[in-house]
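Here's the structure, in structure tokens; my notes come after.
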Protein chains: 4
Amino acid sequence: MSTLIKNGRVITAEQDYFADIFVEKDKITTLGANLTLQADKVIDAEGKYIIPGGIDVHTHMDMPFGGTTSSDDFETGTRAAAFGGTTCLIDFAIQSKGTKMREALDIWWMKGQKATIDFGLHMIVTDLPEAHLEDLNEMVREGVTSYKLFMAYPNVLMVDDATIFRAMRQTGNNGALVCMHAENGGVIDLFVQKALAEGKTAPIYHALTRPTTAEAEAVNRAIALSQMAGAPVYIVHLSSADALEKVSEARDKGIPVFAETCPQYLLLSIEDLDRPNFEGAKYVFTPPLREKWHQDKLWEGLRKNTLQVVSTDHCPFCFKEQKEMGRDSFAKIPNGGPGVENRLQLIHHHGVNLKRISLNRWVELVSTTPAKMFGLYPRKGTIAIGSDADLVVWDPNKELTISAHSHHMRVDYSMFEGFKVKGDAETVLSRGEVIVDKGKWSGKAGRGEFIKRNTYAGAWK
Amino acid sequence: MSTLIKNGRVITAEQDYFADIFVEKDKITTLGANLTLQADKVIDAEGKYIIPGGIDVHTHMDMPFGGTTSSDDFETGTRAAAFGGTTCLIDFAIQSKGTKMREALDIWWMKGQKATIDFGLHMIVTDLPEAHLEDLNEMVREGVTSYKLFMAYPNVLMVDDATIFRAMRQTGNNGALVCMHAENGGVIDLFVQKALAEGKTAPIYHALTRPTTAEAEAVNRAIALSQMAGAPVYIVHLSSADALEKVSEARDKGIPVFAETCPQYLLLSIEDLDRPNFEGAKYVFTPPLREKWHQDKLWEGLRKNTLQVVSTDHCPFCFKEQKEMGRDSFAKIPNGGPGVENRLQLIHHHGVNLKRISLNRWVELVSTTPAKMFGLYPRKGTIAIGSDADLVVWDPNKELTISAHSHHMRVDYSMFEGFKVKGDAETVLSRGEVIVDKGKWSGKAGRGEFIKRNTYAGAWK
Amino acid sequence: MSTLIKNGRVITAEQDYFADIFVEKDKITTLGANLTLQADKVIDAEGKYIIPGGIDVHTHMDMPFGGTTSSDDFETGTRAAAFGGTTCLIDFAIQSKGTKMREALDIWWMKGQKATIDFGLHMIVTDLPEAHLEDLNEMVREGVTSYKLFMAYPNVLMVDDATIFRAMRQTGNNGALVCMHAENGGVIDLFVQKALAEGKTAPIYHALTRPTTAEAEAVNRAIALSQMAGAPVYIVHLSSADALEKVSEARDKGIPVFAETCPQYLLLSIEDLDRPNFEGAKYVFTPPLREKWHQDKLWEGLRKNTLQVVSTDHCPFCFKEQKEMGRDSFAKIPNGGPGVENRLQLIHHHGVNLKRISLNRWVELVSTTPAKMFGLYPRKGTIAIGSDADLVVWDPNKELTISAHSHHMRVDYSMFEGFKVKGDAETVLSRGEVIVDKGKWSGKAGRGEFIKRNTYAGAWK
Amino acid sequence: MSTLIKNGRVITAEQDYFADIFVEKDKITTLGANLTLQADKVIDAEGKYIIPGGIDVHTHMDMPFGGTTSSDDFETGTRAAAFGGTTCLIDFAIQSKGTKMREALDIWWMKGQKATIDFGLHMIVTDLPEAHLEDLNEMVREGVTSYKLFMAYPNVLMVDDATIFRAMRQTGNNGALVCMHAENGGVIDLFVQKALAEGKTAPIYHALTRPTTAEAEAVNRAIALSQMAGAPVYIVHLSSADALEKVSEARDKGIPVFAETCPQYLLLSIEDLDRPNFEGAKYVFTPPLREKWHQDKLWEGLRKNTLQVVSTDHCPFCFKEQKEMGRDSFAKIPNGGPGVENRLQLIHHHGVNLKRISLNRWVELVSTTPAKMFGLYPRKGTIAIGSDADLVVWDPNKELTISAHSHHMRVDYSMFEGFKVKGDAETVLSRGEVIVDKGKWSGKAGRGEFIKRNTYAGAWK
């Protein structure tokens, strides 16, 4: 099976040139001017960009949370991702307290059997007795080269500083990367208790009880712990200018700190939590949305490379029945929102079209750096000889109104309902196979493979 | 009883002028040029400075620690203080876990009955169930308007972030001030365990297991907690440039953060911990001594008002039998060192004589700001009509070699053994009474009074 | 002649206490509780503050500018100053190009013969051939211990970098202080030419052609020149956050840089230049008023001691006939505005009453630091034995509406017309003599003396 | 004519993969795995990197200076460049005062007729009356899309702030880029005069009379002028940490400022100017070499992208007869040193081998960003379909000792004499033609073409 993509404008994190691309089986084998090679399939990309497929390093498919489960599984979620131009994602296996990480990995491998595109896994570590440190190395051998730890959610996911430090010390040896949910859970819980005690139960209090200072403090602490452990750290879903400042200061000192943000923090704000009729619940996730002025700072962070990655933290719950569980108390609203499908569209439109970032930087943020950071490069994240043919024919002129009525995620609302964007994926190839073409799905459940990732070491800047 | 001090050069935090000072009973009642008032006692201060008596806001007299007790009690310690020009100090009562603060206060009141100069008390809070928050208010009513909390020493003194936050929230209401021992105890304990497991037991490992990053992290956290609580915070015994930077950043943003350092951090370094024959143990206290280059940064902090106070953290243990308890393990060396007597001498010499700070700034650091910060001003900390006649006739030309052979502290070594300084207290008045005169002691145990302090609110800058 | 001020609350840059003050001739001779000394005159200050008289280090009385002369001379200007609680000012003698500084000094001495309060002089240097460097030393010997140089006004007052550097190198030796008007004149002139060429002649263009970047650049350059010359520098009338940032950065590095701002920059904004009917001309001075948000930054600078002094840059021109000279072109409007009378009122009200600064800091900004910086301390700027009895009985509760109808400056408008303030000078003593009492003038022309100032060296922080 | 490069490891600013490269005439036409295309010439690059040819944007061939001429002309200089892996350079035409830029351009075009590789030209502007502003646009039309201006060398090359501002304002419209030599010439001249007057004539005084503060000040001023003009600015040969800090601050604020440094500032220091026997003269160029500690800061700047480009400022003068002109006075030593041949070697070895920067970053600094910044991309600076086949087969394991005995520059000494490096160009193609192969030269004078450059607009980050 071979495919020839003709006349496209190839955009990578650095380049911008016209070429034909020849794909043999699952790999890119030739790039050339006016290639005359015979192909089983020819795609005309005249007037379109060809970009490496998007990589979303932060999703939660089929995830149990507070008595319910996120509404997308690996089939529906990866299918939606592909429609939006994302051809690989990294989800999270969750260690249950008192169990071995291996068990969690097995469970999530099973969930992933339905995936329609390639995927990797991070391991959420909730429990790390000295005796189990070797588990961390085992995960690396299995291609799970990153762990996530929580500084929030006391008594559920939160681990103490000593545990974090221990985990980081281990990554200093095995080359894995610690991903940190950075919020001071102890203080936040007191704010939450106080709010509830005062009868403040509406969704907006979810945000008001989680100040940006609680995030910035935890980011600073995570960095300090990583510095003392002699290991890098990756801050997930950074949401505020305060937290960003801590990352920036550390990077200025040459400390290896990395961070992602998500479209919701770049484009939505705390005002959305105040929507009437409990609709604010649609925007309840953690960290919460911030005041509008933070958005500019985050875009600036993307421009300056203080932030290196845009992921989604996709974790959908339907408004009906799921979000509604918190009608009486914001503390019972399942935390999370849908986003895996719209990442490339939103960053392309609000970043490139609105001249906040360059076209190259867009590719770098949504594909190249995610691949480099999490051990997938150059197999994925670029357009080069030998790379997986995870390719997107992107129509920069396609206009689109985002809506739950038309999206492919299995959830009954969109956080970006009514957003108009220009630029969308037209044709999507996963390992050489066309799975989306002009809105038509031709992928299938189970064709996605689990990727054993390399360690990230030294690949990024 | 009245006293007339003639011909002195009066130095306060702002002023520098010649005047006679008339003291009636315990108060300054008249300042004038060539006063002709009749006095019971006349002191000629020609060629000398008259300064407000020093105030040391951080001492530990008669304090139990790790199976032993600090070697100075309130009599010997306050006497030594007075010899060095300090006429007031604030010590720490320590709440025992599971008990009310009142009990600790009673114990320390009792200890203080022997004091030879006036003193106040801070309360060390080790336990703060929601139900006992009212205790904090009771302390304020008793004139104990500051609490100290520990972020270090897990399982002994350390409290968690939620407890700190709760205490701070209370001070936001009652006007008290939280004083913070800022080091990340969880990480430090892992460093200590690792060192001991590797057979690293010498005193130097006390410093090597407590990195500056652990201090800076905790300082940043303390500030964040205070900011979220809407209350100021005072960092005790700040020892490193890294920690200082956090204070500086916060103050630049207008956050009400204050900090003290101590002569040992300004003048000694980690190299002292490496002295042969276990002599390094003499320099084991917490936070530990740092690399030499930190000293300049701390002096700079004093100059720029990033640091507002110089205290001593006086907590003496004899080398013989006390420090020696840790021959086999640095972790068993009682933490603390003697210093209450030498503070004014050292800062005068190394600050004023070596042109790092002005004469006025010296007075501000060792007397005026301590008084303002801890609710003693203008009763103490300045030379003004109505103030307590806590006065020091300071001879700027007196040369002195600091030594355990001649000092008045009840401890068998000096951290500053052999240091030559120029400038010393010649005559010391406590509430109008001469208690030291040219090396002669005329004070007596029990003459010192417990001072009910005001809250600090708004007095400082 | 002796005066006793009873029952006042004495406020200095550091202190706050109750005392009686006894003045013998021109000096403060006794401070005491319930003084019973016999005095020729007794003032009851019950409920009032006693502060050291204000010192305004930046005024332009009787100054020729663009074909006219500032409307206050040394008599009317100093009288107005006194009404507002200012008992000493430093004006500027202006060297004419090609002449010796001595000539300018003689001219301004003559102008100063009419002064009603004490005054000093700075020398504006417009011309400094290598051969005349010695003139700078002569000025110091005459008590003119500060020079002002201009980086703006090409072909009129502007000197080049080499000249500035040469002057500063000289102050490094003789202890004098260079005061700098910091704006990039070359660029500003091009902006002005462009604006006029485009027919933009209204007062607002005075501000729009002098961007804050032009000020910040010049401040940075002045600091760099001073650093290379090994001499301190004092930035006059700093007006913008951008410029402030440069001062702040330099001070953080320990470079001896000082700066003043003025009430107009703290309280007025560029919008005032847009007032209809050419009234914007009343607010034409240099640097110009800035966007409103700069005000907060300047107040912050005062609070943090990035700014050390508040002066007025008092340089009044009547609206009628003087300001009106620029009806056709903003470039012809005489630059300057009246302010010498309202400084203490405005900073007390908008600073102390609105809780931006403390009472002590107010005194420090308007009196103590000006005295220390410009060689007048402790003769002036504090309340201490031996100091000049330049004293103000300040009524903190007096309410006042500022207006040209009631002010004492010889000018037909007020920049602060209609401003309501609380707090005003009630009684003003100049060297022991009451010259203002409850709105009544009892001073007279010529009683003010020229003060030979010391060099500032080392007096400030 | 076609060439096939097989088995190489392709390194661009982003990528790192194995591929064969097929070159048809002067362009890259195919990239592929195991290409079987027939080629006139086949190069086996097994074990080698293939990188885009280096681009040196700062050279001075055949340049008159102080009565002599730089010793390399366009033939010898470009040949040496090619031996070191550089396939394109941008030299400087110099406008003579009072003449049109066109005249200078004609002269330098003529000089360039001998070039062996492609070259572009910047225009040095020494004179810019309002009437000649249109000349700037003419230069852009001729492909000279950048101007250099000097803030140093009064009375020779220095222009005043108004001139700089005028030029920048023009680039704001025509898309050209101002390159700035940033040192405060006025102050430096006074330092030089003082040194000479004191008999300080040795080469070291060249450095001691040009303090880093003079560079930092000028950098700050250049940035401020560019900001007010609404145009970007590019700082040439940045040499010190102080100057770097100004660039960093500006970039942090989002101001479009760019800067290059050179190998000499990264690897040599002021101590080299102190070499005996007048050998210090070999290191006399401007800005001068700095204290050693600056080197780390500059490397850090390269790592963080505060510095975007490494150029050489190649401007060789022989030690004999040329440098010797300054035996009696450092001020007479021709300013400049040789470097065009060693740039890639030095940055590869001291950057990549010593792990200061990544392999990709090396390519970015020496080729890709220079091309993007100066309007040559994607024609040059990358390996992509359609790009010029300016390619270097780089042997990362080749060991080399730099020496005047073996280098190809026409100058009798090397600044890096004796430096051992690992990594060198093995084969060099210029527009598809092999001109260097394993040390053998096969290029010829005149084959290099003048490149009309595009404006840089928007191409970089």
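Letters A, B, ... mark the chains of the structure tokens in the order given; residue numbers begin at 1 per chain; ligand numbers begin at 1, in order shown.
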Could you give me, as a ChimeraX atom specification, each residue of stretch 74-152 of chain D that DSSP assigns to helix (DSSP H, G or I) when run on this structure's backbone? /D:74-83,101-112,130-141
Could you pull the residues within 8 Å of stretch 432-447 of chain B, counting only C-alpha atoms, minus those fewer than 6 positions along the same chain, as a list of chain:residue names?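 My reading of the contact set: B:Ser2, B:Thr3, B:Val23, B:Glu24, B:Lys25, B:Asp26, B:Lys27, B:Glu75, B:Arg79, B:Ala82, B:Phe83, B:Gly112, B:Gln113, B:Lys114, B:Ala115, B:Thr116, B:Ile117, B:Asp118, B:Asp388, B:Ala389, B:Asp390, B:Leu391, B:Glu426.
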For the residues in the current selection, export N, CA, C and O atoms as a PDB file, in the first residue's frame.
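result.pdb was written with the following content:
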ATOM      1  N   SER B   2      16.731  59.934  89.525  1.00  0.00           N
ATOM      2  CA  SER B   2      16.883  60.554  88.207  1.00  0.00           C
ATOM      3  C   SER B   2      18.323  60.439  87.752  1.00  0.00           C
ATOM      4  O   SER B   2      19.236  60.319  88.550  1.00  0.00           O
ATOM      5  N   THR B   3      18.461  60.453  86.429  1.00  0.00           N
ATOM      6  CA  THR B   3      19.803  60.315  85.844  1.00  0.00           C
ATOM      7  C   THR B   3      19.950  61.308  84.719  1.00  0.00           C
ATOM      8  O   THR B   3      19.014  61.512  83.936  1.00  0.00           O
ATOM      9  N   VAL B  23      16.657  61.458  82.658  1.00  0.00           N
ATOM     10  CA  VAL B  23      15.788  60.318  82.919  1.00  0.00           C
ATOM     11  C   VAL B  23      15.179  60.457  84.308  1.00  0.00           C
ATOM     12  O   VAL B  23      15.899  60.629  85.293  1.00  0.00           O
ATOM     13  N   GLU B  24      13.872  60.400  84.359  1.00  0.00           N
ATOM     14  CA  GLU B  24      13.168  60.482  85.651  1.00  0.00           C
ATOM     15  C   GLU B  24      12.553  59.110  85.876  1.00  0.00           C
ATOM     16  O   GLU B  24      11.741  58.647  85.059  1.00  0.00           O
ATOM     17  N   LYS B  25      12.909  58.485  86.982  1.00  0.00           N
ATOM     18  CA  LYS B  25      12.486  57.094  87.200  1.00  0.00           C
ATOM     19  C   LYS B  25      12.849  56.238  85.985  1.00  0.00           C
ATOM     20  O   LYS B  25      14.019  56.186  85.610  1.00  0.00           O
ATOM     21  N   ASP B  26      11.852  55.657  85.330  1.00  0.00           N
ATOM     22  CA  ASP B  26      12.163  54.713  84.253  1.00  0.00           C
ATOM     23  C   ASP B  26      12.006  55.294  82.852  1.00  0.00           C
ATOM     24  O   ASP B  26      12.180  54.584  81.875  1.00  0.00           O
ATOM     25  N   LYS B  27      11.703  56.598  82.763  1.00  0.00           N
ATOM     26  CA  LYS B  27      11.385  57.174  81.467  1.00  0.00           C
ATOM     27  C   LYS B  27      12.349  58.296  81.078  1.00  0.00           C
ATOM     28  O   LYS B  27      12.890  58.987  81.931  1.00  0.00           O
ATOM     29  N   GLU B  75      18.201  34.188  83.680  1.00  0.00           N
ATOM     30  CA  GLU B  75      19.110  35.067  84.418  1.00  0.00           C
ATOM     31  C   GLU B  75      20.420  35.238  83.670  1.00  0.00           C
ATOM     32  O   GLU B  75      20.830  36.330  83.338  1.00  0.00           O
ATOM     33  N   ARG B  79      21.512  38.590  81.419  1.00  0.00           N
ATOM     34  CA  ARG B  79      22.689  39.302  81.916  1.00  0.00           C
ATOM     35  C   ARG B  79      23.715  39.449  80.792  1.00  0.00           C
ATOM     36  O   ARG B  79      24.269  40.533  80.564  1.00  0.00           O
ATOM     37  N   ALA B  82      22.583  42.018  78.326  1.00  0.00           N
ATOM     38  CA  ALA B  82      22.783  43.380  78.799  1.00  0.00           C
ATOM     39  C   ALA B  82      24.243  43.806  78.619  1.00  0.00           C
ATOM     40  O   ALA B  82      24.529  44.933  78.201  1.00  0.00           O
ATOM     41  N   PHE B  83      25.170  42.923  78.915  1.00  0.00           N
ATOM     42  CA  PHE B  83      26.589  43.268  78.726  1.00  0.00           C
ATOM     43  C   PHE B  83      26.859  43.684  77.279  1.00  0.00           C
ATOM     44  O   PHE B  83      27.713  44.522  77.014  1.00  0.00           O
ATOM     45  N   GLY B 112      10.753  32.966  83.174  1.00  0.00           N
ATOM     46  CA  GLY B 112      11.151  34.358  82.988  1.00  0.00           C
ATOM     47  C   GLY B 112      11.264  35.144  84.280  1.00  0.00           C
ATOM     48  O   GLY B 112      11.760  36.275  84.278  1.00  0.00           O
ATOM     49  N   GLN B 113      10.806  34.572  85.370  1.00  0.00           N
ATOM     50  CA  GLN B 113      10.872  35.289  86.655  1.00  0.00           C
ATOM     51  C   GLN B 113      12.296  35.710  87.010  1.00  0.00           C
ATOM     52  O   GLN B 113      12.509  36.619  87.797  1.00  0.00           O
ATOM     53  N   LYS B 114      13.254  35.061  86.448  1.00  0.00           N
ATOM     54  CA  LYS B 114      14.660  35.367  86.767  1.00  0.00           C
ATOM     55  C   LYS B 114      15.273  36.441  85.870  1.00  0.00           C
ATOM     56  O   LYS B 114      16.434  36.793  86.034  1.00  0.00           O
ATOM     57  N   ALA B 115      14.497  36.901  84.930  1.00  0.00           N
ATOM     58  CA  ALA B 115      15.069  37.807  83.930  1.00  0.00           C
ATOM     59  C   ALA B 115      15.627  39.077  84.554  1.00  0.00           C
ATOM     60  O   ALA B 115      15.058  39.618  85.517  1.00  0.00           O
ATOM     61  N   THR B 116      16.728  39.575  84.027  1.00  0.00           N
ATOM     62  CA  THR B 116      17.350  40.799  84.542  1.00  0.00           C
ATOM     63  C   THR B 116      16.992  42.005  83.695  1.00  0.00           C
ATOM     64  O   THR B 116      17.292  43.140  84.058  1.00  0.00           O
ATOM     65  N   ILE B 117      16.438  41.782  82.520  1.00  0.00           N
ATOM     66  CA  ILE B 117      15.942  42.866  81.672  1.00  0.00           C
ATOM     67  C   ILE B 117      14.526  42.492  81.218  1.00  0.00           C
ATOM     68  O   ILE B 117      14.102  41.352  81.379  1.00  0.00           O
ATOM     69  N   ASP B 118      13.834  43.443  80.613  1.00  0.00           N
ATOM     70  CA  ASP B 118      12.463  43.175  80.178  1.00  0.00           C
ATOM     71  C   ASP B 118      12.449  42.138  79.063  1.00  0.00           C
ATOM     72  O   ASP B 118      13.378  42.050  78.262  1.00  0.00           O
ATOM     73  N   ASP B 388      10.800  54.312  77.481  1.00  0.00           N
ATOM     74  CA  ASP B 388      11.566  53.675  78.550  1.00  0.00           C
ATOM     75  C   ASP B 388      13.022  54.088  78.430  1.00  0.00           C
ATOM     76  O   ASP B 388      13.575  54.148  77.323  1.00  0.00           O
ATOM     77  N   ALA B 389      13.633  54.334  79.566  1.00  0.00           N
ATOM     78  CA  ALA B 389      15.057  54.692  79.544  1.00  0.00           C
ATOM     79  C   ALA B 389      15.897  53.419  79.465  1.00  0.00           C
ATOM     80  O   ALA B 389      16.672  53.098  80.347  1.00  0.00           O
ATOM     81  N   ASP B 390      15.691  52.669  78.362  1.00  0.00           N
ATOM     82  CA  ASP B 390      16.562  51.544  78.010  1.00  0.00           C
ATOM     83  C   ASP B 390      17.622  52.137  77.096  1.00  0.00           C
ATOM     84  O   ASP B 390      17.405  52.269  75.884  1.00  0.00           O
ATOM     85  N   LEU B 391      18.729  52.512  77.682  1.00  0.00           N
ATOM     86  CA  LEU B 391      19.713  53.295  76.929  1.00  0.00           C
ATOM     87  C   LEU B 391      21.087  52.669  77.023  1.00  0.00           C
ATOM     88  O   LEU B 391      21.450  52.088  78.047  1.00  0.00           O
ATOM     89  N   GLU B 426      29.300  50.549  76.918  1.00  0.00           N
ATOM     90  CA  GLU B 426      30.081  50.920  78.100  1.00  0.00           C
ATOM     91  C   GLU B 426      29.179  50.950  79.336  1.00  0.00           C
ATOM     92  O   GLU B 426      29.497  50.387  80.367  1.00  0.00           O
TER      93      GLU B 426
END
When the cut-off is 8 Å and we count only C-alpha atoms, which residues of chain A are near chain B, given as a PyMOL selection string? chain A and resi 161-162+165+186-187+190+211+213-214+217+220-221+224-225+227-228
Filtering to all heavy atoms, could you give me those residues as a CSV table (one decimal), in the first residue's frame?
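Below is the file part-v2.csv, written as the result:
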chain,number,residue,atom,x,y,z
A,161,ASP,N,5.3,15.8,50.0
A,161,ASP,CA,6.6,16.3,49.3
A,161,ASP,C,7.6,15.2,49.3
A,161,ASP,O,8.4,15.1,48.4
A,161,ASP,CB,7.1,17.5,50.0
A,161,ASP,CG,6.2,18.7,49.8
A,161,ASP,OD1,5.2,18.6,49.1
A,161,ASP,OD2,6.5,19.8,50.4
A,162,ALA,N,7.7,14.4,50.4
A,162,ALA,CA,8.7,13.4,50.5
A,162,ALA,C,8.5,12.3,49.4
A,162,ALA,O,9.4,11.9,48.7
A,162,ALA,CB,8.7,12.7,51.8
A,165,PHE,N,9.5,13.8,46.0
A,165,PHE,CA,11.0,13.9,46.0
A,165,PHE,C,11.5,12.5,45.7
A,165,PHE,O,12.5,12.4,44.9
A,165,PHE,CB,11.5,14.4,47.3
A,165,PHE,CG,13.0,14.6,47.4
A,165,PHE,CD1,13.6,15.5,46.6
A,165,PHE,CD2,13.7,13.8,48.2
A,165,PHE,CE1,15.0,15.6,46.7
A,165,PHE,CE2,15.1,13.9,48.3
A,165,PHE,CZ,15.7,14.8,47.5
A,186,GLY,N,-4.0,21.2,50.4
A,186,GLY,CA,-4.4,21.4,51.8
A,186,GLY,C,-5.1,22.8,52.0
A,186,GLY,O,-6.2,22.8,52.6
A,187,VAL,N,-4.6,23.8,51.4
A,187,VAL,CA,-5.2,25.1,51.5
A,187,VAL,C,-6.6,25.1,50.8
A,187,VAL,O,-7.6,25.6,51.3
A,187,VAL,CB,-4.3,26.2,51.0
A,187,VAL,CG1,-5.0,27.5,50.9
A,187,VAL,CG2,-3.1,26.4,51.9
A,190,LEU,N,-9.4,23.8,52.6
A,190,LEU,CA,-10.0,24.7,53.7
A,190,LEU,C,-10.9,25.7,53.0
A,190,LEU,O,-11.9,26.1,53.6
A,190,LEU,CB,-8.8,25.3,54.5
A,190,LEU,CG,-8.1,24.4,55.4
A,190,LEU,CD1,-6.9,25.1,56.1
A,190,LEU,CD2,-9.1,23.8,56.5
A,211,PRO,N,-7.4,29.6,44.4
A,211,PRO,CA,-6.8,30.8,43.9
A,211,PRO,C,-5.5,30.5,43.1
A,211,PRO,O,-4.9,29.4,43.3
A,211,PRO,CB,-6.4,31.6,45.2
A,211,PRO,CG,-6.5,30.6,46.3
A,211,PRO,CD,-7.5,29.5,45.9
A,213,THR,N,-2.7,31.7,43.5
A,213,THR,CA,-1.6,31.6,44.4
A,213,THR,C,-1.3,30.2,44.8
A,213,THR,O,-0.2,29.7,45.0
A,213,THR,CB,-1.8,32.5,45.6
A,213,THR,OG1,-2.0,33.8,45.2
A,213,THR,CG2,-0.5,32.5,46.5
A,214,ALA,N,-2.4,29.4,44.9
A,214,ALA,CA,-2.3,28.0,45.3
A,214,ALA,C,-1.6,27.2,44.2
A,214,ALA,O,-0.9,26.2,44.5
A,214,ALA,CB,-3.7,27.4,45.6
A,217,GLU,N,2.2,28.5,44.1
A,217,GLU,CA,3.0,27.9,45.2
A,217,GLU,C,3.4,26.5,44.8
A,217,GLU,O,4.6,26.1,45.0
A,217,GLU,CB,2.2,28.0,46.5
A,217,GLU,CG,2.9,27.5,47.7
A,217,GLU,CD,3.1,26.0,47.8
A,217,GLU,OE1,2.0,25.3,47.6
A,217,GLU,OE2,4.2,25.5,48.0
A,220,ASN,N,6.1,26.3,42.2
A,220,ASN,CA,7.4,26.6,42.8
A,220,ASN,C,7.9,25.4,43.6
A,220,ASN,O,9.1,25.1,43.5
A,220,ASN,CB,7.3,27.8,43.7
A,220,ASN,CG,8.6,28.3,44.1
A,220,ASN,OD1,9.4,28.9,43.4
A,220,ASN,ND2,8.9,28.0,45.4
A,221,ARG,N,7.1,24.8,44.3
A,221,ARG,CA,7.5,23.7,45.2
A,221,ARG,C,7.9,22.5,44.3
A,221,ARG,O,9.0,21.9,44.5
A,221,ARG,CB,6.4,23.3,46.1
A,221,ARG,CG,6.7,22.3,47.1
A,221,ARG,CD,5.9,22.3,48.4
A,221,ARG,NE,4.5,22.7,48.1
A,221,ARG,CZ,3.4,22.0,48.2
A,221,ARG,NH1,3.6,20.7,48.5
A,221,ARG,NH2,2.2,22.4,47.9
A,224,ALA,N,11.3,23.2,43.0
A,224,ALA,CA,12.3,23.1,44.0
A,224,ALA,C,12.6,21.6,44.3
A,224,ALA,O,13.8,21.2,44.4
A,224,ALA,CB,11.9,23.8,45.3
A,225,LEU,N,11.6,20.8,44.4
A,225,LEU,CA,11.8,19.4,44.6
A,225,LEU,C,12.6,18.8,43.5
A,225,LEU,O,13.5,18.0,43.7
A,225,LEU,CB,10.4,18.7,44.8
A,225,LEU,CG,9.6,19.1,46.1
A,225,LEU,CD1,8.2,18.6,46.0
A,225,LEU,CD2,10.3,18.7,47.4
A,227,GLN,N,14.6,20.3,41.5
A,227,GLN,CA,16.0,20.8,41.5
A,227,GLN,C,16.8,20.0,42.6
A,227,GLN,O,17.9,19.6,42.3
A,227,GLN,CB,15.9,22.2,41.9
A,227,GLN,CG,17.0,23.1,41.3
A,227,GLN,CD,16.9,24.5,41.9
A,227,GLN,OE1,15.9,24.9,42.4
A,227,GLN,NE2,18.0,25.3,41.8
A,228,MET,N,16.2,19.8,43.7
A,228,MET,CA,16.9,19.1,44.8
A,228,MET,C,17.1,17.6,44.4
A,228,MET,O,18.1,17.0,44.8
A,228,MET,CB,16.2,19.2,46.1
A,228,MET,CG,16.3,20.6,46.6
A,228,MET,SD,15.7,20.8,48.4
A,228,MET,CE,13.9,20.8,48.1
Could you please write out, as a PyMOL selection string, every residue of stretch 51-267 of chain D that DSSP assigns to strand (DSSP E)? chain D and resi 51-52+54-59+64-65+68-69+86-94+118-124+146-150+177-181+233-235+257-261
